[in-house]
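Single-structure report; data block below.
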Amino acid sequence: MAQNYDAIVIGGGHNGLVTAAYLGRAGRKVLVLERRELLGGCCITEEVWPGYRVSTAAYVNSLLRPEIIRELDLAKHGFEMIPRSPSSFTPFPDGRSLLMGPDAALTQREIAKFSTKDAENYPKYEAMLTRVADFLEPLLTQTPPNPWGGVRDLMQLGKLAWKFRKLGRAIGADAIDIMTGAAKPILDRWFESDQLKSTIATDAVIGAFASPSMPGTAYVLFHHVMGECNGVRGVWGYVRGGMGQISESIASAARSYGVEIRTNAEVGHILTRDGRAIGVALKDGTEFTAPRIASCADANITFLKLMNENELPAEFVQGIRKIDYSSATVKINVALSEPPQFTALPGRGIGPQHHGTMHICPSMDYIERAYDEAKYGKPSTNPMLECTMATALDSSLAPPGKHIMSMFIQYAPYHLVGTTWEAEKEKFADRCFDIMNEYAPNFKQSVLERQIIPPPEMERMWGITGGNIMQGVMNLNSMFSLRPIAGFAKYRTPIRGLYLCGAAAHPGGGVMGAAGMNAAREILRDG
Ligand SMILES: Cc1cc2nc3c(=O)[nH]c(=O)nc-3n(C[C@H](O)[C@H](O)[C@H](O)COP(=O)(O)OP(=O)(O)OC[C@H]3O[C@@H](n4cnc5c(N)ncnc54)[C@H](O)[C@@H]3O)c2cc1C
């Protein structure tokens with residue numbers, strides 16, 4: 001006899017857990033089924049080596065919606081942010097370096113080392129982003145209108161147009177530029193220092209298979225300034241205990257509302273009858289029934305792996321097939337015997353250079369060249385490295401005196417030409433370590449362990465198609481009313497009772513929880 005629930009959530013990613021928690025809070029009997037042995041999807045902490053607790057995938061947080069933190073009382077369930085100040089450090093080959101944020105005076109002083117004009121412009125640039133964010137941020141927690149829908153949708157679109165109009169012509173044009181354009185020309189207009197531009201540009205390409213001169217990257221840049229840390233906008237922080245603590249705290253909140261969570265429970269098939277979802281069958285054949293099924297797995301998995309295509313409209317299947325899952329990032333997690341000692345900012349212990357993201361990305365051309373190779377199916381010879389060492393601020397993550405470093409690296413395409421990741425990954429990691437050593441000569445000798453995760457491995461470990469970290473690219477043509485595909489952005493699908501609740505849906509990737517929260521609202525609206 002199949003067990004019966006009011007709702008079943010496929011996938012215990014943080015978004016799935018948020019959906020489950022909100023449904024549980026509303027009194028529904030909810031079951032979460034997670035494929036892996038641990039919860040969190042791409043928002044996890046894993047003990048990779050004894051005593052080292054590593055945020056193997058996502059490594060910094062700012063996007064998690066404050067209303068979720070508040071409404072689910074996540075602090076009570078163990079969620080705590082650790083702000084980073086400074087938040088970024090970029091060493092350059094000429095021995096200079098740039099520290100940035102959130103301390104405005106420090107940032108201006110540091111930028112002035114490269115350009116006094118840029119130092120003056122930087123607060124104005126931030127103010128422009130803040131005004132655009134004021135317009136865009138409320139959209140994150142809205143259900144997108146369907147431009148091809150009814151009167152209510154048109155009224156919602158009208159309200160949006162009115163709000164946009166109120167931005168004024170100049171900021172309105174900036175907003176369009178940010179939503180559609182490339183990061184490089186925008187940065188070129190604002191700044192002259194290549195060092196500042198390349199540091200900022202890392203956020204424009206992170207996780208995207210694109211260079212800063214390609215349209216769409218300005219939005220990726222912007223996506224990274226929309227969050228907050230303990231109420232301070234645009235600030236990224238560590239999570240005490242690692243990113244998995246976000247997922248654990250949401251799971252704990254969900255359990256407090258009576259939600260049942262099962263791990264090692266891989267769904268093999270979504271059960272339907274007469275165009276309506278009625279339950280799921282696990283890979284081992286166990287069945288559970290519910291009139292509402294929400295999937296936190298990506299759209300490719302949900303519709304093309306867990307369902308038979310002939311259960312779905314052909315046009316819908318075609319749309320899902322068109323989703324872009326390209327990816328070009330490798331994650332290397334490293335255990336270190338000591339912090340890197342940068343030639344550009346020497347010192348043996350923990351210093352300000354270790355608090356935030358350590359960028360190895362010396363110029364705009366460096367990023368463009370790194371991308372050029374990847375576009376022809378080759379890992380970059382000189383990749384961009386984005387390194388964080390959470391143990392600088394949270395010593396609980398490693399044995400005393402030891403450290404963990406997360407290296408998020410691009411470009412490294414999923415599909416390599418003439419070789420495989422199995423053959424390349426150790427060489428690629430060696431190359432990344434050589435580059436790091438040029439800036440911090442003690443680095444290589446301090447490496448105790450390493451875990452290399454190229455895109456196909458990300459796909460296998462975390463169940464993300466193509467290794468795309470956002471469950472599908474974050475271009476304007478796949479955002480808002482067009483995510484996952486046009487006409488289906490309201491979390492509902494062509495199958496009645498089946499919903500998407502993960503990053504595949506609006507507002508997309510990042511540890512935001514917004515998709516999960518919005519989906520829960522729509523599910524409850526349907527009764
Ligand atoms: C390497 C990497 C680095 C990142 N860095 C950051 C960062 O620093 N900050 C940030 O904000 N974002 C970051 N991101 C993006 C962010 O982590 C993701 O966009 C976000 O976690 C997606 O959450 P989700 O809950 O929507 O989906 P996912 O985390 O993808 O969860 C989906 C869940 O569904 C499960 N599942 C799939 N199929 C089945 C099935 N058949 N049965 C049962 N369960 C199933 C999966 O195992 C998984 O647990 C990063 C992502 C990666 C991969």
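Note on naming: chains are A, B, ... as they come in the structure tokens, residues start from 1 per chain, ligands start from 1 in the order shown.
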Mind running region 333-448 of chain A against region 69-81 of chain A at 12 Å and telling me each contacting residue's nearest atom pair with the distance in Å (one decimal), counting only C-alpha atoms, chain and number ascending, as a tab-separated table?
residue	atom	partner	partner_atom	distance
A:Ala390	CA	A:Met81	CA	11.6
A:Leu393	CA	A:Met81	CA	10.8
A:Asp394	CA	A:Met81	CA	10.5
Once you have the residues from the selection above, write them out as a PDB file, in the first residue's frame, restricted to C-alpha atoms.
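Result file follows (part-v8.pdb):
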ATOM      1  CA  ALA A 390      36.284  30.018   5.401  1.00  0.00           C
ATOM      2  CA  LEU A 393      36.753  33.215  10.157  1.00  0.00           C
ATOM      3  CA  ASP A 394      35.331  29.857  11.238  1.00  0.00           C
TER       4      ASP A 394
END
* Could you give me, as a ChimeraX atom specification, the residues within 9 Å of region 60-67 of chain A, counting only C-alpha atoms and dropping anything in the same chain fewer than 5 positions from it? => /A:55,72,81,141,223-231,233-239,242-243,246,388,390,510-514
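Distance annotation: of A:Ala440, A:Leu31, A:Cys501, A:Ala370, the residue with the minimal separation from ligand 1 is A:Cys501; atom set is only C-alpha atoms and all ligand atoms.
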* So which one's closest to His14 (chain A), A:Asp153, A:Glu449, A:Asp203, A:Glu248? Using only C-alpha atoms, please. -> A:Glu248
* For Leu482 (chain A), which residue among A:Asp284, A:Asn15, A:Pro145, A:Glu311 is the nearest when counting only C-alpha atoms? -> A:Pro145
* Based on DSSP run over this structure's backbone, return all residues of region 277-437 of chain A in helix (DSSP H, G or I), as number ranges by chain. => A: 299-305, 309-311, 314-321, 352-355, 364-375, 390-392, 395-397, 421-437
Name all residues at most 7 Å from Val205 (chain A) (count only C-alpha atoms; drop same-chain ones fewer than 6 positions away) and give them as a CSV table (one decimal) with all heavy atoms, in the first residue's frame.
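This went into selection_1.csv:
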chain,number,residue,atom,x,y,z
A,211,SER,N,32.3,35.2,-21.4
A,211,SER,CA,33.4,36.2,-21.0
A,211,SER,C,32.7,37.5,-20.8
A,211,SER,O,31.5,37.7,-21.2
A,211,SER,CB,34.4,36.3,-22.1
A,211,SER,OG,33.9,37.2,-23.1
A,212,PRO,N,33.4,38.4,-20.1
A,212,PRO,CA,32.7,39.7,-19.7
A,212,PRO,C,32.3,40.5,-20.9
A,212,PRO,O,31.5,41.5,-20.7
A,212,PRO,CB,33.7,40.4,-18.8
A,212,PRO,CG,34.8,39.5,-18.6
A,212,PRO,CD,34.7,38.3,-19.5
A,217,THR,N,26.2,39.0,-19.3
A,217,THR,CA,27.1,38.9,-18.2
A,217,THR,C,26.8,40.1,-17.2
A,217,THR,O,27.1,39.9,-16.0
A,217,THR,CB,28.6,38.9,-18.6
A,217,THR,OG1,28.8,39.9,-19.5
A,217,THR,CG2,28.9,37.6,-19.2
A,220,VAL,N,24.5,38.7,-14.6
A,220,VAL,CA,25.2,37.8,-13.7
A,220,VAL,C,25.9,38.6,-12.6
A,220,VAL,O,25.9,38.3,-11.4
A,220,VAL,CB,26.2,36.8,-14.4
A,220,VAL,CG1,26.9,35.9,-13.4
A,220,VAL,CG2,25.5,36.0,-15.5
* To do: Find the residues around Asn442 (chain A) up to 12 Å (only C-alpha atoms counted), leave out those fewer than 4 positions away in its own chain, and share them as a list in words.
  =>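 The neighbour list is Leu336, Ser337, Glu338, Pro339, Pro340, Gln341, Phe342, Thr343, Pro346, Gly347, Arg348, Phe433, Asp434, Ile435, Met436, Asn437, Glu438, Ser446 and Val447 of chain A.
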List the neighbours of Thr130 (chain A) out to 10 Å using only C-alpha atoms; skip same-chain residues closer than 3 positions along the sequence, and give me the result as a CSV table (one decimal) with N, CA and C atoms, in the first residue's frame.
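Below is the file out-v1.csv, written as the result:
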chain,number,residue,atom,x,y,z
A,124,LYS,N,29.4,56.1,-6.7
A,124,LYS,CA,28.3,56.4,-7.7
A,124,LYS,C,27.9,55.2,-8.4
A,125,TYR,N,28.8,54.3,-8.8
A,125,TYR,CA,28.5,53.1,-9.4
A,125,TYR,C,27.6,52.2,-8.5
A,126,GLU,N,28.1,52.1,-7.2
A,126,GLU,CA,27.3,51.3,-6.3
A,126,GLU,C,25.9,51.9,-6.1
A,127,ALA,N,25.8,53.2,-6.1
A,127,ALA,CA,24.5,53.9,-5.9
A,127,ALA,C,23.6,53.5,-7.1
A,133,ALA,N,18.7,47.7,-8.2
A,133,ALA,CA,18.3,46.6,-7.3
A,133,ALA,C,17.0,46.9,-6.6
A,134,ASP,N,16.7,48.1,-6.2
A,134,ASP,CA,15.5,48.5,-5.6
A,134,ASP,C,14.3,48.1,-6.5
A,135,PHE,N,14.5,48.2,-7.8
A,135,PHE,CA,13.5,47.9,-8.8
A,135,PHE,C,13.4,46.4,-9.0
A,136,LEU,N,14.6,45.7,-9.1
A,136,LEU,CA,14.5,44.3,-9.5
A,136,LEU,C,14.3,43.4,-8.3
A,137,GLU,N,14.8,43.7,-7.1
A,137,GLU,CA,14.8,42.8,-6.0
A,137,GLU,C,13.4,42.3,-5.6
A,222,PHE,N,25.1,41.6,-11.7
A,222,PHE,CA,24.1,42.2,-10.8
A,222,PHE,C,23.5,41.2,-9.8
A,225,VAL,N,25.0,41.1,-6.6
A,225,VAL,CA,25.0,42.2,-5.7
A,225,VAL,C,23.6,42.4,-5.0
A,226,MET,N,22.7,41.4,-5.3
A,226,MET,CA,21.3,41.6,-4.9
A,226,MET,C,21.0,41.1,-3.4
A,233,ARG,N,23.3,45.2,2.5
A,233,ARG,CA,23.1,44.8,1.1
A,233,ARG,C,24.5,44.5,0.4
A,234,GLY,N,24.4,43.6,-0.5
A,234,GLY,CA,25.6,43.3,-1.4
A,234,GLY,C,26.8,42.6,-0.7
* **6 Å contact set for Ala281 (chain A), only C-alpha atoms, chain neighbours under 4 positions out, as an MDAnalysis selection string** => chainID A and resid 267:269 285:287
Restricted to N, CA, C and O atoms, what would the selected residues look like written as an mmCIF file, in the first residue's frame?
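Final output, saved to result.cif:
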data_model
loop_
_atom_site.group_PDB
_atom_site.id
_atom_site.type_symbol
_atom_site.label_atom_id
_atom_site.label_comp_id
_atom_site.auth_asym_id
_atom_site.auth_seq_id
_atom_site.Cartn_x
_atom_site.Cartn_y
_atom_site.Cartn_z
ATOM 1 N N VAL A 267 13.937 9.226 -6.440
ATOM 2 C CA VAL A 267 12.698 9.060 -7.205
ATOM 3 C C VAL A 267 13.060 8.567 -8.607
ATOM 4 O O VAL A 267 13.960 9.114 -9.259
ATOM 5 N N GLY A 268 12.372 7.530 -9.051
ATOM 6 C CA GLY A 268 12.625 6.997 -10.391
ATOM 7 C C GLY A 268 11.587 7.453 -11.386
ATOM 8 O O GLY A 268 11.857 7.578 -12.584
ATOM 9 N N HIS A 269 10.372 7.731 -10.863
ATOM 10 C CA HIS A 269 9.298 8.095 -11.788
ATOM 11 C C HIS A 269 8.224 8.925 -11.080
ATOM 12 O O HIS A 269 7.891 8.662 -9.925
ATOM 13 N N GLY A 285 11.202 0.954 -6.233
ATOM 14 C CA GLY A 285 9.826 0.522 -6.457
ATOM 15 C C GLY A 285 8.824 1.014 -5.421
ATOM 16 O O GLY A 285 7.609 0.951 -5.650
ATOM 17 N N THR A 286 9.304 1.552 -4.290
ATOM 18 C CA THR A 286 8.371 2.050 -3.261
ATOM 19 C C THR A 286 7.556 3.217 -3.836
ATOM 20 O O THR A 286 8.116 4.103 -4.486
ATOM 21 N N GLU A 287 6.261 3.185 -3.563
ATOM 22 C CA GLU A 287 5.406 4.268 -4.089
ATOM 23 C C GLU A 287 4.834 5.115 -2.958
ATOM 24 O O GLU A 287 4.530 4.615 -1.883
#
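Compared by their closest atoms to ligand 1, and using only C-alpha atoms and all ligand atoms, the residues A:Ala119, A:Ile301, A:Ala161, A:Val334 rank with A:Ile301 nearest.
Between CA of Ala423 (chain A) and CA of Lys305 (chain A) the interatomic distance comes to 28.5 Å.
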Near-region 170-182 of chain A list (9 Å; only C-alpha atoms; drop same-chain fewer than 2 positions) as a short mmCIF file (atom, residue, chain, number, x, y, z; two decimals) with all heavy atoms, in the first residue's frame:
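This is the output file part20.cif:
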data_model
loop_
_atom_site.label_atom_id
_atom_site.label_comp_id
_atom_site.auth_asym_id
_atom_site.auth_seq_id
_atom_site.Cartn_x
_atom_site.Cartn_y
_atom_site.Cartn_z
N MET A 128 24.14 53.51 -8.29
CA MET A 128 23.36 53.15 -9.48
C MET A 128 22.85 51.71 -9.34
O MET A 128 21.66 51.42 -9.55
CB MET A 128 24.24 53.31 -10.73
CG MET A 128 23.62 52.94 -12.05
SD MET A 128 23.65 51.18 -12.48
CE MET A 128 25.39 50.88 -12.80
N LEU A 129 23.74 50.80 -8.91
CA LEU A 129 23.33 49.40 -8.76
C LEU A 129 22.23 49.27 -7.70
O LEU A 129 21.29 48.50 -7.86
CB LEU A 129 24.52 48.53 -8.34
CG LEU A 129 25.59 48.24 -9.39
CD1 LEU A 129 26.65 47.31 -8.82
CD2 LEU A 129 24.99 47.60 -10.65
N ARG A 131 19.96 51.46 -6.94
CA ARG A 131 18.67 51.92 -7.48
C ARG A 131 18.07 50.88 -8.40
O ARG A 131 16.86 50.63 -8.38
CB ARG A 131 18.85 53.25 -8.23
CG ARG A 131 19.06 54.41 -7.26
CD ARG A 131 18.59 55.72 -7.83
NE ARG A 131 17.21 55.70 -8.30
CZ ARG A 131 16.68 56.63 -9.08
NH1 ARG A 131 17.41 57.65 -9.45
NH2 ARG A 131 15.43 56.57 -9.47
N VAL A 132 18.91 50.24 -9.19
CA VAL A 132 18.38 49.19 -10.07
C VAL A 132 17.92 48.01 -9.21
O VAL A 132 16.86 47.41 -9.46
CB VAL A 132 19.45 48.75 -11.10
CG1 VAL A 132 18.93 47.61 -11.95
CG2 VAL A 132 19.87 49.92 -11.99
N ALA A 133 18.69 47.71 -8.16
CA ALA A 133 18.32 46.60 -7.28
C ALA A 133 16.97 46.87 -6.60
O ALA A 133 16.16 45.96 -6.43
CB ALA A 133 19.40 46.37 -6.23
N PHE A 135 14.53 48.23 -7.82
CA PHE A 135 13.48 47.89 -8.80
C PHE A 135 13.39 46.37 -8.98
O PHE A 135 12.30 45.79 -8.98
CB PHE A 135 13.79 48.57 -10.14
CG PHE A 135 12.96 48.07 -11.28
CD1 PHE A 135 11.60 48.33 -11.35
CD2 PHE A 135 13.54 47.32 -12.29
CE1 PHE A 135 10.83 47.84 -12.40
CE2 PHE A 135 12.79 46.83 -13.35
CZ PHE A 135 11.42 47.10 -13.40
N LEU A 136 14.56 45.73 -9.13
CA LEU A 136 14.54 44.31 -9.50
C LEU A 136 14.33 43.35 -8.32
O LEU A 136 13.70 42.31 -8.48
CB LEU A 136 15.86 43.94 -10.20
CG LEU A 136 16.04 44.44 -11.63
CD1 LEU A 136 17.39 43.99 -12.18
CD2 LEU A 136 14.93 43.89 -12.54
N PHE A 164 8.79 50.64 -13.59
CA PHE A 164 9.98 50.85 -14.42
C PHE A 164 10.05 52.31 -14.86
O PHE A 164 11.10 52.96 -14.81
CB PHE A 164 9.94 49.92 -15.63
CG PHE A 164 11.12 50.08 -16.54
CD1 PHE A 164 12.35 49.56 -16.19
CD2 PHE A 164 11.01 50.79 -17.73
CE1 PHE A 164 13.45 49.72 -17.01
CE2 PHE A 164 12.09 50.96 -18.56
CZ PHE A 164 13.32 50.42 -18.19
N ARG A 165 8.89 52.84 -15.26
CA ARG A 165 8.81 54.23 -15.71
C ARG A 165 9.28 55.17 -14.61
O ARG A 165 9.98 56.16 -14.85
CB ARG A 165 7.36 54.49 -16.07
CG ARG A 165 7.08 55.66 -16.94
CD ARG A 165 5.57 55.74 -17.11
NE ARG A 165 5.15 57.11 -16.87
CZ ARG A 165 4.97 58.00 -17.83
NH1 ARG A 165 5.14 57.64 -19.08
NH2 ARG A 165 4.61 59.22 -17.55
N LYS A 166 8.89 54.81 -13.37
CA LYS A 166 9.23 55.68 -12.24
C LYS A 166 10.74 55.71 -11.94
O LYS A 166 11.22 56.58 -11.22
CB LYS A 166 8.44 55.25 -10.99
CG LYS A 166 6.99 55.65 -11.10
CD LYS A 166 6.26 55.93 -9.79
CE LYS A 166 6.52 55.00 -8.68
NZ LYS A 166 5.44 54.71 -7.78
N LEU A 167 11.47 54.73 -12.49
CA LEU A 167 12.93 54.75 -12.31
C LEU A 167 13.55 55.97 -12.97
O LEU A 167 14.66 56.39 -12.64
CB LEU A 167 13.56 53.51 -12.97
CG LEU A 167 13.60 52.19 -12.20
CD1 LEU A 167 14.22 51.12 -13.08
CD2 LEU A 167 14.42 52.34 -10.93
N GLY A 168 12.85 56.49 -13.94
CA GLY A 168 13.40 57.63 -14.70
C GLY A 168 14.19 57.12 -15.89
O GLY A 168 14.57 55.94 -15.94
N LYS A 184 31.51 44.12 -19.62
CA LYS A 184 32.72 44.87 -19.97
C LYS A 184 32.43 46.32 -20.38
O LYS A 184 33.02 47.25 -19.81
CB LYS A 184 33.51 44.13 -21.05
CG LYS A 184 34.84 44.79 -21.38
CD LYS A 184 35.66 43.94 -22.32
CE LYS A 184 37.01 44.55 -22.58
NZ LYS A 184 36.96 45.90 -23.14
N PRO A 185 31.52 46.54 -21.35
CA PRO A 185 31.29 47.95 -21.72
C PRO A 185 30.76 48.79 -20.57
O PRO A 185 31.09 49.99 -20.48
CB PRO A 185 30.27 47.86 -22.86
CG PRO A 185 29.82 46.46 -22.94
CD PRO A 185 30.79 45.60 -22.20
N ILE A 186 29.99 48.18 -19.69
CA ILE A 186 29.47 48.95 -18.54
C ILE A 186 30.65 49.33 -17.64
O ILE A 186 30.80 50.49 -17.24
CB ILE A 186 28.42 48.12 -17.76
CG1 ILE A 186 27.20 47.86 -18.65
CG2 ILE A 186 28.02 48.83 -16.46
CD1 ILE A 186 26.12 47.02 -18.01
N ALA A 204 30.81 38.80 -12.81
CA ALA A 204 29.98 38.83 -14.01
C ALA A 204 30.02 37.50 -14.77
O ALA A 204 29.16 37.23 -15.60
CB ALA A 204 30.43 39.96 -14.94
N SER A 211 32.34 35.21 -21.44
CA SER A 211 33.36 36.17 -21.04
C SER A 211 32.67 37.51 -20.76
O SER A 211 31.54 37.72 -21.18
CB SER A 211 34.40 36.33 -22.15
OG SER A 211 33.91 37.22 -23.12
N PRO A 212 33.36 38.43 -20.05
CA PRO A 212 32.68 39.69 -19.68
C PRO A 212 32.25 40.53 -20.87
O PRO A 212 31.48 41.48 -20.71
CB PRO A 212 33.72 40.43 -18.84
CG PRO A 212 34.82 39.49 -18.58
CD PRO A 212 34.72 38.35 -19.52
N SER A 213 32.76 40.24 -22.06
CA SER A 213 32.35 41.05 -23.21
C SER A 213 31.10 40.46 -23.88
O SER A 213 30.65 40.96 -24.90
CB SER A 213 33.49 41.16 -24.22
OG SER A 213 33.88 39.88 -24.63
N MET A 214 30.53 39.41 -23.28
CA MET A 214 29.35 38.80 -23.90
C MET A 214 28.05 39.28 -23.24
O MET A 214 27.97 39.38 -22.01
CB MET A 214 29.44 37.28 -23.81
CG MET A 214 30.50 36.73 -24.76
SD MET A 214 30.88 35.02 -24.44
CE MET A 214 29.35 34.25 -24.91
N PRO A 215 27.03 39.57 -24.07
CA PRO A 215 25.74 39.99 -23.52
C PRO A 215 25.23 38.98 -22.50
O PRO A 215 25.44 37.78 -22.66
CB PRO A 215 24.82 40.02 -24.74
CG PRO A 215 25.72 40.14 -25.91
CD PRO A 215 27.01 39.47 -25.53
N GLY A 216 24.59 39.49 -21.47
CA GLY A 216 24.06 38.61 -20.44
C GLY A 216 24.91 38.62 -19.18
O GLY A 216 24.43 38.33 -18.09
N THR A 217 26.21 38.98 -19.34
CA THR A 217 27.08 38.91 -18.16
C THR A 217 26.83 40.06 -17.18
O THR A 217 27.12 39.93 -16.00
CB THR A 217 28.57 38.89 -18.56
OG1 THR A 217 28.82 39.95 -19.49
CG2 THR A 217 28.95 37.56 -19.19
N ALA A 218 26.26 41.16 -17.65
CA ALA A 218 25.97 42.25 -16.72
C ALA A 218 24.93 41.79 -15.70
O ALA A 218 24.99 42.14 -14.53
CB ALA A 218 25.47 43.48 -17.47
N TYR A 219 23.99 40.94 -16.16
CA TYR A 219 22.98 40.47 -15.21
C TYR A 219 23.61 39.53 -14.18
O TYR A 219 23.27 39.58 -12.99
CB TYR A 219 21.78 39.78 -15.90
CG TYR A 219 20.78 39.40 -14.84
CD1 TYR A 219 19.95 40.37 -14.27
CD2 TYR A 219 20.75 38.12 -14.31
CE1 TYR A 219 19.10 40.06 -13.23
CE2 TYR A 219 19.91 37.80 -13.25
CZ TYR A 219 19.08 38.78 -12.72
OH TYR A 219 18.26 38.47 -11.67
N VAL A 220 24.54 38.69 -14.63
CA VAL A 220 25.20 37.77 -13.68
C VAL A 220 25.92 38.61 -12.62
O VAL A 220 25.85 38.33 -11.41
CB VAL A 220 26.19 36.83 -14.41
CG1 VAL A 220 26.87 35.88 -13.43
CG2 VAL A 220 25.48 36.01 -15.48
N LEU A 221 26.56 39.69 -13.08
CA LEU A 221 27.24 40.61 -12.16
C LEU A 221 26.24 41.15 -11.14
O LEU A 221 26.48 41.16 -9.93
CB LEU A 221 27.84 41.77 -12.97
CG LEU A 221 28.49 42.90 -12.20
CD1 LEU A 221 29.78 42.44 -11.57
CD2 LEU A 221 28.78 44.07 -13.13
N PHE A 222 25.11 41.56 -11.66
CA PHE A 222 24.10 42.18 -10.83
C PHE A 222 23.49 41.16 -9.85
O PHE A 222 23.23 41.46 -8.69
CB PHE A 222 23.02 42.75 -11.73
CG PHE A 222 22.00 43.51 -10.97
CD1 PHE A 222 22.34 44.73 -10.41
CD2 PHE A 222 20.74 43.01 -10.79
CE1 PHE A 222 21.41 45.43 -9.68
CE2 PHE A 222 19.81 43.70 -10.06
CZ PHE A 222 20.14 44.91 -9.51
N ASN A 475 20.42 33.79 -18.44
CA ASN A 475 20.33 34.87 -19.42
C ASN A 475 18.90 35.40 -19.45
O ASN A 475 17.97 34.70 -19.05
CB ASN A 475 20.66 34.34 -20.82
CG ASN A 475 22.15 34.10 -20.98
OD1 ASN A 475 22.96 34.61 -20.20
ND2 ASN A 475 22.51 33.30 -21.97
N LEU A 476 18.76 36.62 -19.98
CA LEU A 476 17.43 37.22 -19.98
C LEU A 476 16.41 36.31 -20.69
O LEU A 476 15.25 36.26 -20.31
CB LEU A 476 17.47 38.60 -20.66
CG LEU A 476 16.20 39.41 -20.50
CD1 LEU A 476 15.94 39.77 -19.03
CD2 LEU A 476 16.20 40.66 -21.35
#
* **Option closest in space to Leu187 (chain A), from A:Leu397, A:Asn121, A:Phe408, A:Ala210 [counting only C-alpha atoms]** =>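 That would be A:Asn121, the residue with the smallest distance to Leu187 (chain A).
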Run DSSP on the backbone of this structure and report the residues of region 3-76 of chain A it assigns to strand (DSSP E or B), as a compact mmCIF listing (two decimals) with C-alpha atoms, in the first residue's frame.
# COMPACT_ATOMS: atom_id res chain seq x y z
CA GLN A 3 1.70 5.90 1.78
CA ASN A 4 -0.35 9.02 1.24
CA ALA A 7 2.45 16.96 -0.90
CA ILE A 8 5.70 15.29 -1.91
CA VAL A 9 8.88 17.25 -2.63
CA ILE A 10 11.37 15.58 -4.96
CA GLY A 13 18.05 20.86 -2.16
CA VAL A 30 4.61 16.66 3.52
CA LEU A 31 7.28 14.15 2.48
CA VAL A 32 10.70 15.15 1.11
CA LEU A 33 12.60 12.52 -0.90
CA GLY A 40 21.11 20.30 0.67
CA GLU A 46 30.67 17.35 3.72
CA GLU A 47 33.46 15.83 5.80
CA VAL A 48 35.71 15.16 2.83
CA TRP A 49 38.75 14.29 4.96
CA TYR A 52 37.68 18.86 7.52
CA ARG A 53 34.11 20.04 6.93
CA VAL A 54 33.96 21.36 3.41
CA ASN A 61 26.02 33.24 0.99
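Picture a line from CA of Met100 (chain A) to CA of Ala328 (chain A); it runs 26.2 Å.
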